[in-house]
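Asker: File protein09.csv below, CSV, C-alpha atoms:
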chain,number,residue,atom,x,y,z
A,1,MET,CA,-9.4,2.1,14.7
A,2,ARG,CA,-9.3,4.6,11.9
A,3,PHE,CA,-9.7,3.9,8.1
A,4,SER,CA,-7.6,4.8,5.1
A,5,LEU,CA,-7.8,4.2,1.4
A,6,PHE,CA,-5.0,2.5,-0.6
A,7,VAL,CA,-5.5,3.2,-4.3
A,8,HIS,CA,-3.7,3.1,-7.7
A,9,MET,CA,-4.8,3.7,-11.2
A,10,GLU,CA,-5.5,0.3,-12.7
A,11,ARG,CA,-5.5,-0.3,-16.5
A,12,TRP,CA,-6.4,-3.7,-17.8
A,13,ASP,CA,-6.7,-2.9,-21.5
A,14,GLU,CA,-6.1,-0.1,-23.8
A,15,GLU,CA,-9.8,1.0,-23.9
A,16,SER,CA,-9.4,3.2,-20.8
A,17,SER,CA,-7.4,6.4,-21.0
A,18,HIS,CA,-4.8,7.3,-18.4
A,19,ARG,CA,-6.6,10.6,-17.9
A,20,GLN,CA,-9.9,8.9,-17.1
A,21,LEU,CA,-8.1,6.6,-14.6
A,22,PHE,CA,-6.6,9.7,-12.9
A,23,GLU,CA,-10.0,11.3,-12.6
A,24,ASN,CA,-11.3,8.0,-11.2
A,25,LEU,CA,-8.5,7.9,-8.5
A,26,SER,CA,-9.2,11.5,-7.6
A,27,GLU,CA,-12.9,10.8,-7.2
A,28,LEU,CA,-12.3,7.8,-4.9
A,29,ALA,CA,-9.8,9.9,-2.8
A,30,LEU,CA,-12.4,12.7,-2.4
A,31,MET,CA,-15.0,10.2,-1.4
A,32,ALA,CA,-12.7,8.8,1.3
A,33,GLU,CA,-12.1,12.3,2.7
A,34,ALA,CA,-15.8,13.1,2.8
A,35,GLY,CA,-16.4,9.7,4.4
A,36,GLY,CA,-14.0,10.4,7.3
A,37,PHE,CA,-11.0,8.4,6.2
A,38,SER,CA,-7.8,9.5,7.8
A,39,THR,CA,-5.4,9.0,4.9
A,40,VAL,CA,-5.2,8.2,1.2
A,41,TRP,CA,-2.2,6.0,0.2
A,42,VAL,CA,-0.5,5.7,-3.2
A,43,GLY,CA,2.4,3.4,-3.8
A,44,GLU,CA,5.3,3.3,-6.3
A,45,HIS,CA,5.4,1.0,-9.3
A,46,HIS,CA,7.1,1.3,-12.6
A,47,ALA,CA,6.1,0.3,-16.2
A,48,MET,CA,3.1,-1.7,-15.0
A,49,GLU,CA,-0.3,-0.8,-16.3
A,50,TYR,CA,-2.1,-2.8,-13.6
A,51,THR,CA,-0.7,-0.6,-10.8
A,52,ILE,CA,0.1,2.8,-12.3
A,53,ALA,CA,2.2,4.9,-9.9
A,54,PRO,CA,5.7,5.8,-11.1
A,55,SER,CA,5.8,8.3,-8.3
A,56,PRO,CA,3.3,9.0,-5.6
A,57,MET,CA,4.4,12.6,-5.1
A,58,PRO,CA,2.7,14.3,-8.1
A,59,ILE,CA,-0.5,12.3,-7.5
A,60,LEU,CA,-0.5,13.3,-3.8
A,61,ALA,CA,0.4,16.9,-4.6
A,62,HIS,CA,-2.7,17.1,-6.8
A,63,LEU,CA,-4.8,15.6,-4.1
A,64,ALA,CA,-3.4,18.1,-1.6
A,65,ALA,CA,-4.9,20.9,-3.7
A,66,LYS,CA,-8.2,19.1,-3.9
A,67,THR,CA,-8.6,18.2,-0.2
A,68,THR,CA,-8.4,19.9,3.2
A,69,THR,CA,-8.3,17.2,5.9
A,70,ILE,CA,-7.3,13.8,4.6
A,71,ARG,CA,-3.6,12.9,5.1
A,72,LEU,CA,-1.5,12.0,2.1
A,73,GLY,CA,0.5,8.9,2.3
A,74,ALA,CA,3.4,7.9,-0.1
A,75,GLY,CA,3.0,4.2,0.6
A,76,THR,CA,5.4,3.0,-0.2
A,77,ILE,CA,8.5,4.5,-1.9
A,78,ILE,CA,10.9,1.7,-2.9
A,79,ALA,CA,14.2,2.4,-1.1
A,80,PRO,CA,16.7,1.2,-3.7
A,81,PHE,CA,15.1,3.6,-6.3
A,82,TRP,CA,15.7,6.7,-4.2
A,83,HIS,CA,18.7,8.8,-3.2
A,84,PRO,CA,18.3,10.0,0.4
A,85,ILE,CA,18.6,13.7,-0.5
A,86,ARG,CA,16.0,13.4,-3.2
A,87,ALA,CA,13.7,11.4,-1.0
A,88,ALA,CA,14.0,13.8,1.9
A,89,GLY,CA,13.4,16.9,-0.3
A,90,GLU,CA,10.5,15.5,-2.3
A,91,THR,CA,8.6,14.2,0.8
A,92,ALA,CA,9.3,17.5,2.6
A,93,LEU,CA,8.0,19.5,-0.3
A,94,LEU,CA,4.8,17.4,-0.3
A,95,ASP,CA,4.5,18.2,3.4
A,96,VAL,CA,4.8,21.9,2.6
A,97,ILE,CA,2.3,21.7,-0.2
A,98,SER,CA,-0.2,19.9,2.0
A,99,ASN,CA,0.5,22.0,5.0
A,100,GLY,CA,1.6,19.2,7.2
A,101,ARG,CA,-0.5,16.3,5.9
A,102,MET,CA,2.3,14.1,4.5
A,103,GLU,CA,3.1,10.6,5.6
A,104,VAL,CA,5.7,8.4,4.0
A,105,GLY,CA,6.1,4.6,3.9
A,106,VAL,CA,9.3,2.9,2.8
A,107,ALA,CA,9.7,-0.7,1.4
A,108,ARG,CA,12.6,-2.7,0.1
A,109,GLY,CA,10.7,-3.6,-3.1
A,110,ALA,CA,9.3,-6.8,-4.4
A,111,TYR,CA,9.3,-7.1,-8.2
A,112,GLN,CA,12.6,-8.2,-9.7
A,113,ILE,CA,11.2,-7.1,-13.1
A,114,GLU,CA,11.5,-3.5,-11.8
A,115,PHE,CA,14.9,-4.0,-10.3
A,116,ASP,CA,16.2,-5.4,-13.6
A,117,ARG,CA,15.3,-2.1,-15.3
A,118,LEU,CA,16.1,0.4,-12.6
A,119,THR,CA,19.0,-0.9,-10.5
A,120,ASP,CA,21.6,-2.5,-12.8
A,121,GLY,CA,21.3,-6.0,-11.6
A,122,LEU,CA,20.5,-5.6,-7.9
A,123,LYS,CA,18.4,-8.5,-6.5
A,124,ALA,CA,15.0,-7.4,-5.1
A,125,SER,CA,15.7,-9.6,-2.1
A,126,ASP,CA,18.7,-7.4,-1.3
A,127,GLY,CA,16.7,-4.2,-1.1
A,128,GLY,CA,16.5,-4.4,2.7
A,129,LYS,CA,20.0,-2.9,3.2
A,130,HIS,CA,18.9,0.2,1.2
A,131,LEU,CA,15.8,0.6,3.4
A,132,ARG,CA,17.9,0.3,6.6
A,133,GLU,CA,20.3,3.0,5.3
A,134,LEU,CA,17.6,5.3,3.7
A,135,VAL,CA,15.3,5.7,6.7
A,136,PRO,CA,17.7,7.3,9.2
A,137,ALA,CA,19.3,9.4,6.5
A,138,ILE,CA,15.9,10.9,5.5
A,139,ARG,CA,15.2,11.8,9.1
A,140,ALA,CA,18.6,13.3,9.6
A,141,LEU,CA,18.2,15.4,6.4
A,142,TRP,CA,14.8,16.6,7.5
A,143,LYS,CA,16.3,17.9,10.7
A,144,GLY,CA,19.2,19.9,9.3
A,145,ASP,CA,22.8,19.6,8.0
A,146,TYR,CA,24.0,16.0,7.7
A,147,ALA,CA,26.8,14.2,5.9
A,148,HIS,CA,26.5,10.5,5.0
A,149,ASP,CA,29.1,7.9,4.6
A,150,GLY,CA,27.2,4.6,4.2
A,151,GLU,CA,27.7,1.3,2.4
A,152,ILE,CA,25.4,2.4,-0.4
A,153,TRP,CA,25.3,6.2,-0.4
A,154,GLN,CA,28.0,8.8,0.4
A,155,PHE,CA,27.6,12.5,0.3
A,156,PRO,CA,29.0,15.6,2.0
A,157,THR,CA,27.1,17.8,4.3
A,158,SER,CA,23.6,18.5,2.9
A,159,THR,CA,20.1,19.1,4.1
A,160,SER,CA,16.5,18.7,3.1
A,161,VAL,CA,15.3,21.8,1.2
A,162,PRO,CA,12.5,22.5,2.0
A,163,LYS,CA,12.0,21.4,5.5
A,164,PRO,CA,8.8,19.5,6.4
A,165,VAL,CA,6.0,21.4,8.2
A,166,GLN,CA,5.5,18.6,10.7
A,167,GLN,CA,8.0,18.6,13.6
A,168,PRO,CA,10.1,16.9,14.8
A,169,THR,CA,9.5,14.8,11.7
A,170,PRO,CA,6.6,13.6,9.6
A,171,PRO,CA,5.3,10.1,10.3
A,172,MET,CA,7.3,7.3,8.7
A,173,TRP,CA,6.0,3.8,8.0
A,174,ILE,CA,7.9,0.6,7.2
A,175,ALA,CA,6.4,-2.2,5.1
A,176,ALA,CA,7.2,-5.3,7.3
A,177,ARG,CA,6.6,-9.0,7.2
A,178,ASP,CA,9.5,-10.9,8.9
A,179,PRO,CA,10.5,-10.3,12.6
A,180,ALA,CA,13.7,-8.5,11.6
A,181,SER,CA,11.7,-5.9,9.6
A,182,HIS,CA,9.4,-5.3,12.5
A,183,ASP,CA,12.3,-4.9,14.8
A,184,PHE,CA,14.1,-2.4,12.6
A,185,ALA,CA,10.9,-0.4,12.1
A,186,VAL,CA,10.1,-0.2,15.8
A,187,SER,CA,13.8,0.5,16.8
A,188,GLN,CA,13.6,3.5,14.5
A,189,GLY,CA,10.3,4.8,15.9
A,190,CYS,CA,8.6,4.1,12.6
A,191,ASN,CA,5.0,2.9,12.2
A,192,VAL,CA,4.5,-0.6,10.6
A,193,MET,CA,2.3,-1.5,7.7
A,194,VAL,CA,1.5,-5.1,7.0
A,195,THR,CA,-0.6,-7.0,4.4
A,196,PRO,CA,-1.8,-10.6,5.0
A,197,LEU,CA,-2.3,-11.0,1.2
A,198,MET,CA,-4.2,-14.3,0.6
A,199,LYS,CA,-3.9,-15.6,4.1
A,200,GLY,CA,-6.8,-15.4,6.6
A,201,ASP,CA,-7.2,-13.4,9.8
A,202,GLU,CA,-4.9,-15.8,11.6
A,203,GLU,CA,-2.1,-14.1,9.6
A,204,VAL,CA,-3.2,-10.7,10.9
A,205,ALA,CA,-2.8,-12.1,14.4
A,206,ALA,CA,0.6,-13.5,13.6
A,207,LEU,CA,1.8,-10.2,12.1
A,208,LYS,CA,0.5,-8.4,15.2
A,209,ASP,CA,2.5,-10.8,17.4
A,210,LYS,CA,5.7,-9.9,15.5
A,211,PHE,CA,4.9,-6.3,16.0
A,212,ASP,CA,4.2,-6.8,19.7
A,213,THR,CA,7.5,-8.6,20.1
A,214,ALA,CA,9.4,-5.8,18.5
A,215,VAL,CA,7.6,-3.3,20.7
A,216,ALA,CA,8.5,-5.3,23.8
A,217,ASN,CA,12.2,-5.5,22.7
A,218,HIS,CA,12.4,-1.7,22.4
A,219,PRO,CA,11.0,-0.2,25.6
A,220,GLU,CA,13.1,2.9,25.0
A,221,VAL,CA,10.8,3.7,22.0
A,222,ALA,CA,7.3,5.0,22.2
A,223,ARG,CA,4.9,2.4,20.8
A,224,PRO,CA,4.5,3.1,17.0
A,225,GLU,CA,1.3,2.3,15.2
A,226,LEU,CA,0.2,-0.7,13.1
A,227,MET,CA,-1.7,-0.6,9.9
A,228,VAL,CA,-3.3,-3.6,8.1
A,229,LEU,CA,-3.8,-3.3,4.4
A,230,ARG,CA,-6.3,-5.7,2.8
A,231,HIS,CA,-8.3,-6.0,-0.4
A,232,THR,CA,-11.8,-4.9,0.5
A,233,HIS,CA,-15.2,-5.0,-1.2
A,234,VAL,CA,-18.6,-4.5,0.4
A,235,HIS,CA,-21.8,-5.7,-1.3
A,236,ALA,CA,-25.4,-5.3,-0.4
A,237,PRO,CA,-27.1,-7.8,1.9
A,238,GLU,CA,-29.8,-8.4,-0.7
A,239,GLU,CA,-27.2,-9.7,-3.1
A,240,PRO,CA,-26.1,-13.0,-1.4
A,241,ASP,CA,-23.8,-13.8,-4.3
A,242,GLY,CA,-22.4,-10.3,-4.4
A,243,TRP,CA,-19.1,-11.6,-3.1
A,244,ARG,CA,-18.3,-13.7,-6.1
A,245,PRO,CA,-17.5,-10.9,-8.7
A,246,ALA,CA,-15.2,-9.3,-6.2
A,247,ALA,CA,-13.5,-12.6,-5.3
A,248,GLU,CA,-13.0,-13.5,-9.0
A,249,ALA,CA,-11.6,-10.0,-9.6
A,250,ILE,CA,-9.1,-10.3,-6.8
A,251,ASN,CA,-8.2,-13.7,-8.1
A,252,ARG,CA,-7.4,-12.0,-11.4
A,253,PHE,CA,-5.4,-9.3,-9.6
A,254,TYR,CA,-3.3,-11.9,-7.8
A,255,ARG,CA,-2.7,-14.0,-10.9
A,256,THR,CA,-1.5,-10.8,-12.6
A,257,PHE,CA,0.7,-10.1,-9.6
A,258,ASP,CA,2.1,-13.6,-10.0
A,259,ALA,CA,2.9,-13.0,-13.7
A,260,TRP,CA,4.8,-9.8,-12.8
A,261,PHE,CA,6.5,-11.3,-9.8
A,262,GLY,CA,7.5,-14.4,-11.7
A,263,ASN,CA,9.5,-12.2,-14.2
A,264,LYS,CA,9.3,-15.0,-16.9
A,265,GLU,CA,7.7,-12.9,-19.7
A,266,THR,CA,8.6,-9.6,-21.4
A,267,PRO,CA,5.7,-7.1,-20.9
A,268,ALA,CA,4.0,-5.9,-24.0
A,269,ASN,CA,3.5,-2.1,-23.8
A,270,GLY,CA,3.1,-2.4,-20.0
A,271,PHE,CA,0.8,-5.4,-19.9
A,272,LEU,CA,1.2,-9.0,-18.8
A,273,GLU,CA,-1.5,-11.6,-19.0
A,274,PRO,CA,-2.5,-13.1,-15.7
A,275,SER,CA,-0.9,-16.4,-14.9
A,276,PRO,CA,-3.3,-19.2,-16.0
A,277,GLN,CA,-5.8,-20.6,-13.5
A,278,GLU,CA,-4.3,-24.1,-14.1
A,279,LYS,CA,-1.0,-22.9,-12.4
A,280,PHE,CA,-2.9,-22.7,-9.1
A,281,GLU,CA,-4.7,-26.0,-9.1
A,282,GLU,CA,-2.7,-27.0,-6.0
A,283,ARG,CA,-3.0,-23.5,-4.4
A,284,PRO,CA,-6.5,-23.4,-2.8
A,285,GLU,CA,-5.8,-19.9,-1.5
A,286,PHE,CA,-6.3,-18.6,-5.0
A,287,THR,CA,-9.8,-19.8,-5.4
A,288,PRO,CA,-12.7,-17.3,-5.3
A,289,GLU,CA,-14.2,-19.3,-2.4
A,290,SER,CA,-11.0,-19.0,-0.4
A,291,LEU,CA,-10.6,-15.3,-1.3
A,292,HIS,CA,-14.2,-14.7,-0.1
A,293,ARG,CA,-13.0,-15.8,3.4
A,294,THR,CA,-9.6,-14.2,3.4
A,295,ALA,CA,-10.0,-10.8,1.6
A,296,MET,CA,-12.3,-8.4,3.3
A,297,ILE,CA,-15.3,-9.2,1.2
A,298,GLY,CA,-18.9,-9.2,2.5
A,299,THR,CA,-22.0,-7.4,3.5
A,300,PRO,CA,-21.6,-4.4,5.8
A,301,ALA,CA,-22.5,-6.4,8.8
A,302,GLU,CA,-20.0,-9.1,8.0
A,303,VAL,CA,-17.3,-6.6,7.4
A,304,VAL,CA,-18.0,-4.8,10.6
A,305,GLU,CA,-17.8,-8.0,12.6
A,306,ARG,CA,-14.4,-8.9,11.1
A,307,LEU,CA,-13.1,-5.3,11.6
A,308,ARG,CA,-14.2,-5.4,15.2
A,309,ALA,CA,-11.8,-8.3,15.7
A,310,TYR,CA,-9.0,-6.3,14.2
A,311,GLU,CA,-9.8,-3.3,16.5
A,312,GLU,CA,-9.8,-5.6,19.5
A,313,LEU,CA,-6.4,-7.1,18.4
A,314,GLY,CA,-4.9,-3.6,18.6
A,315,VAL,CA,-4.8,-2.6,14.9
A,316,ASP,CA,-4.5,1.3,14.7
A,317,GLU,CA,-5.4,1.7,11.0
A,318,TYR,CA,-7.2,-0.4,8.6
A,319,SER,CA,-6.5,0.4,5.0
A,320,PHE,CA,-9.2,-0.3,2.4
A,321,TRP,CA,-7.2,-1.6,-0.5
A,322,ILE,CA,-9.4,-0.9,-3.4
A,323,ASP,CA,-7.3,-2.2,-6.3
A,324,ASN,CA,-8.9,-5.4,-7.5
A,325,SER,CA,-9.5,-5.3,-11.3
A,326,LEU,CA,-13.2,-4.4,-10.9
A,327,SER,CA,-14.7,-1.4,-12.8
A,328,HIS,CA,-14.6,2.1,-11.3
A,329,GLU,CA,-18.3,2.0,-10.9
A,330,GLU,CA,-18.1,-1.2,-8.8
A,331,LYS,CA,-15.3,0.2,-6.7
A,332,ARG,CA,-17.2,3.4,-6.1
A,333,ALA,CA,-20.4,1.5,-5.1
A,334,SER,CA,-18.4,-0.6,-2.6
A,335,LEU,CA,-16.6,2.4,-1.1
A,336,GLU,CA,-20.0,4.2,-0.8
A,337,LEU,CA,-21.5,1.3,1.1
A,338,PHE,CA,-18.4,1.0,3.4
A,339,ILE,CA,-18.7,4.7,4.2
A,340,LYS,CA,-22.4,4.6,4.8
A,341,GLU,CA,-22.7,1.3,6.7
A,342,VAL,CA,-19.3,0.3,8.1
A,343,VAL,CA,-17.5,3.5,9.1
A,344,PRO,CA,-20.3,4.7,11.5
A,345,ALA,CA,-19.9,1.5,13.5
A,346,PHE,CA,-16.4,2.7,14.5
A,347,GLN,CA,-17.2,6.3,15.3
Let me see the structure of the file written as structure tokens.

Answerer:
Amino acid sequence: MRFSLFVHMERWDEESSHRQLFENLSELALMAEAGGFSTVWVGEHHAMEYTIAPSPMPILAHLAAKTTTIRLGAGTIIAPFWHPIRAAGETALLDVISNGRMEVGVARGAYQIEFDRLTDGLKASDGGKHLRELVPAIRALWKGDYAHDGEIWQFPTSTSVPKPVQQPTPPMWIAARDPASHDFAVSQGCNVMVTPLMKGDEEVAALKDKFDTAVANHPEVARPELMVLRHTHVHAPEEPDGWRPAAEAINRFYRTFDAWFGNKETPANGFLEPSPQEKFEERPEFTPESLHRTAMIGTPAEVVERLRAYEELGVDEYSFWIDNSLSHEEKRASLELFIKEVVPAFQ
């Protein structure tokens, strides 16, 4: 099982400059490469200070110039926000810039607050049809001339310019949760990325079962790969309560996610206050104690033990999701400990 880093710039107040956050992200990515990580992933989010990534492409192009071995993942682009020709061309250009290190993930999108501002009333829950039309169109454009007459997009014969370095196509990933998403991804020969969010390792097993079912239903397709993305924080064994600051920070992250996802308030200059703790009194999965068990939080030995179970389950890539509202210094210390004490156990 290989490791990757999933990272965004996080801004929780106006004290931090965007330039400094960009430098911080670059530092973490370079640490991941030096530590033997396979890929660094950057997603797509709009007008949100707590996950800053209006496009993964320029961030990854910058990292391409700073790195030599680590792969560069756009994870994920939001299908309804992209025209197929633009998506094919920009991802192919990243592959050229990086000399064949690009990977691209595609998702249907989650935040209605983004859709209200970018898609003229489209429901976020309806973004799946864009994903299902976008994925094969990108692949066809990468390969050569292609005309498209779909439900959403129509265009005459066109092609991706430039063409990607990787042949026949660069790796594509689909963010999946329900069985139909797994089935679509596997049927297209795409890898699958999943996140159990606040659920325990039983959810990882359940998601793996959905993936396995899709693989079994498509024997005509070579088995794709499965990635698990999970909030991760490693603390020193001599700090028995070292889990608590991370669990409380992830609680804050998820309460902020809830505020954005709920779409009840108008953001103020890109910020929304986290939903109040009282809202989750009947939701034990939000407590720090529960997050200690479900998020990948622990000493190196504890993390190695849990990751061994993921490896035995058949997970191909574990992505260290470093976004969590902690300071850059705390994130860096956690990643250093992971690289020093966890990664060697899987080499």

Asker: For His233 (chain A), which of A:Ser160, A:Asn324, A:Gln277, A:Asn99 is the closest residue, counting only C-alpha atoms?

Answerer: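 That would be A:Asn324, the residue with the smallest distance to His233 (chain A).
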
Asker: Please report, as a Markdown table, each residue of region 25-50 of chain A lying at most 10 Å from region 112-134 of chain A, together with the nearest pair of atoms and the separation in Å rounded to one decimal; use only C-alpha atoms, and order rows by chain and ascending residue number.

Answerer:
| residue | atom | partner | partner_atom | distance |
| --- | --- | --- | --- | --- |
| A:His45 | CA | A:Glu114 | CA | 8.0 |
| A:His46 | CA | A:Glu114 | CA | 6.6 |
| A:Ala47 | CA | A:Glu114 | CA | 7.9 |
| A:Met48 | CA | A:Glu114 | CA | 9.2 |

Asker: For the selection just defined, write its residues with C-alpha atoms to a file, as a PDB file, in the coordinates of the input.

Answerer:
ATOM      1  CA  HIS A  45       5.400   1.000  -9.300  1.00  0.00           C
ATOM      2  CA  HIS A  46       7.100   1.300 -12.600  1.00  0.00           C
ATOM      3  CA  ALA A  47       6.100   0.300 -16.200  1.00  0.00           C
ATOM      4  CA  MET A  48       3.100  -1.700 -15.000  1.00  0.00           C
TER       5      MET A  48
END

Asker: Quote the spacing between CA of Leu335 (chain A) and CA of Phe320 (chain A) in Å to one decimal place.

Answerer: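 One can read the CA of Leu335 (chain A) to CA of Phe320 (chain A) distance as 8.6 Å.
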
Asker: Which of these residues is nearest to Phe271 (chain A), using all atoms listed in the file: A:Gln167, A:Lys143, A:Asn251, A:Ala259?

Answerer: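 The closest residue to Phe271 (chain A) is A:Ala259.
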
Asker: Which residue is closest to Ile322 (chain A)? Choose from A:Ile174, A:Val40, A:Cys190, A:Met1 and count only C-alpha atoms.

Answerer: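 Result for the nearest residue to Ile322 (chain A): A:Val40.
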
Asker: Skip region 207-212 of chain A itself and residues of its chain fewer than 4 positions away, then list as a PyMOL selection string all residues within 10 Å of it, counting all atoms listed in the file.

Answerer: chain A and resi 176-183+185-186+191-196+201-203+216-217+223-228+310+313-315

Asker: Only C-alpha atoms, please: the residues just picked out, written as a compact mmCIF listing (two decimals), keeping the file's coordinate frame.

Answerer:
# COMPACT_ATOMS: atom_id res chain seq x y z
CA ALA A 176 7.20 -5.30 7.30
CA ARG A 177 6.60 -9.00 7.20
CA ASP A 178 9.50 -10.90 8.90
CA PRO A 179 10.50 -10.30 12.60
CA ALA A 180 13.70 -8.50 11.60
CA SER A 181 11.70 -5.90 9.60
CA HIS A 182 9.40 -5.30 12.50
CA ASP A 183 12.30 -4.90 14.80
CA ALA A 185 10.90 -0.40 12.10
CA VAL A 186 10.10 -0.20 15.80
CA ASN A 191 5.00 2.90 12.20
CA VAL A 192 4.50 -0.60 10.60
CA MET A 193 2.30 -1.50 7.70
CA VAL A 194 1.50 -5.10 7.00
CA THR A 195 -0.60 -7.00 4.40
CA PRO A 196 -1.80 -10.60 5.00
CA ASP A 201 -7.20 -13.40 9.80
CA GLU A 202 -4.90 -15.80 11.60
CA GLU A 203 -2.10 -14.10 9.60
CA ALA A 216 8.50 -5.30 23.80
CA ASN A 217 12.20 -5.50 22.70
CA ARG A 223 4.90 2.40 20.80
CA PRO A 224 4.50 3.10 17.00
CA GLU A 225 1.30 2.30 15.20
CA LEU A 226 0.20 -0.70 13.10
CA MET A 227 -1.70 -0.60 9.90
CA VAL A 228 -3.30 -3.60 8.10
CA TYR A 310 -9.00 -6.30 14.20
CA LEU A 313 -6.40 -7.10 18.40
CA GLY A 314 -4.90 -3.60 18.60
CA VAL A 315 -4.80 -2.60 14.90

Asker: Of the residues A:Ser55, A:Thr256, A:Thr287, A:Ser275, which is the one nearest to Arg244 (chain A), using all atoms listed in the file?

Answerer: A:Thr287

Asker: What's around Glu285 (chain A) at 12 Å? Count all atoms listed in the file, leave out sequence neighbours fewer than 2 positions away in its own chain, and write the answer as number ranges by chain.

Answerer: A: 197-200, 247, 250-251, 254-255, 280-283, 287-295

Asker: Using all atoms listed in the file, which of the listed residues (A:Pro171, A:Gly35, A:Pro240, A:Gly73) sits closest to Glu341 (chain A)?

Answerer: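 Closest residue, counting all atoms listed in the file: A:Gly35.
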
Asker: Write out as a list in words each polymer residue whose atoms come within 12 Å of Met31 (chain A), counting all atoms listed in the file; drop sequence neighbours fewer than 5 positions from it.

Answerer: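 Contacts, with the query itself left out: Ser4, Leu5, Asn24, Leu25, Ser26, Gly36, Phe37, Ser38, Thr39, Val40, Leu63, Lys66, Thr67, Ile70, Lys331, Arg332, Ala333, Ser334, Leu335, Glu336, Leu337, Phe338, Ile339 and Lys340 of chain A.
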
Asker: Would you work out the distance separating CA of Ala137 (chain A) from CA of Ala110 (chain A), expressed in Å to one decimal?

Answerer: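 Straight-line distance from CA of Ala137 (chain A) to CA of Ala110 (chain A) works out to 21.9 Å.
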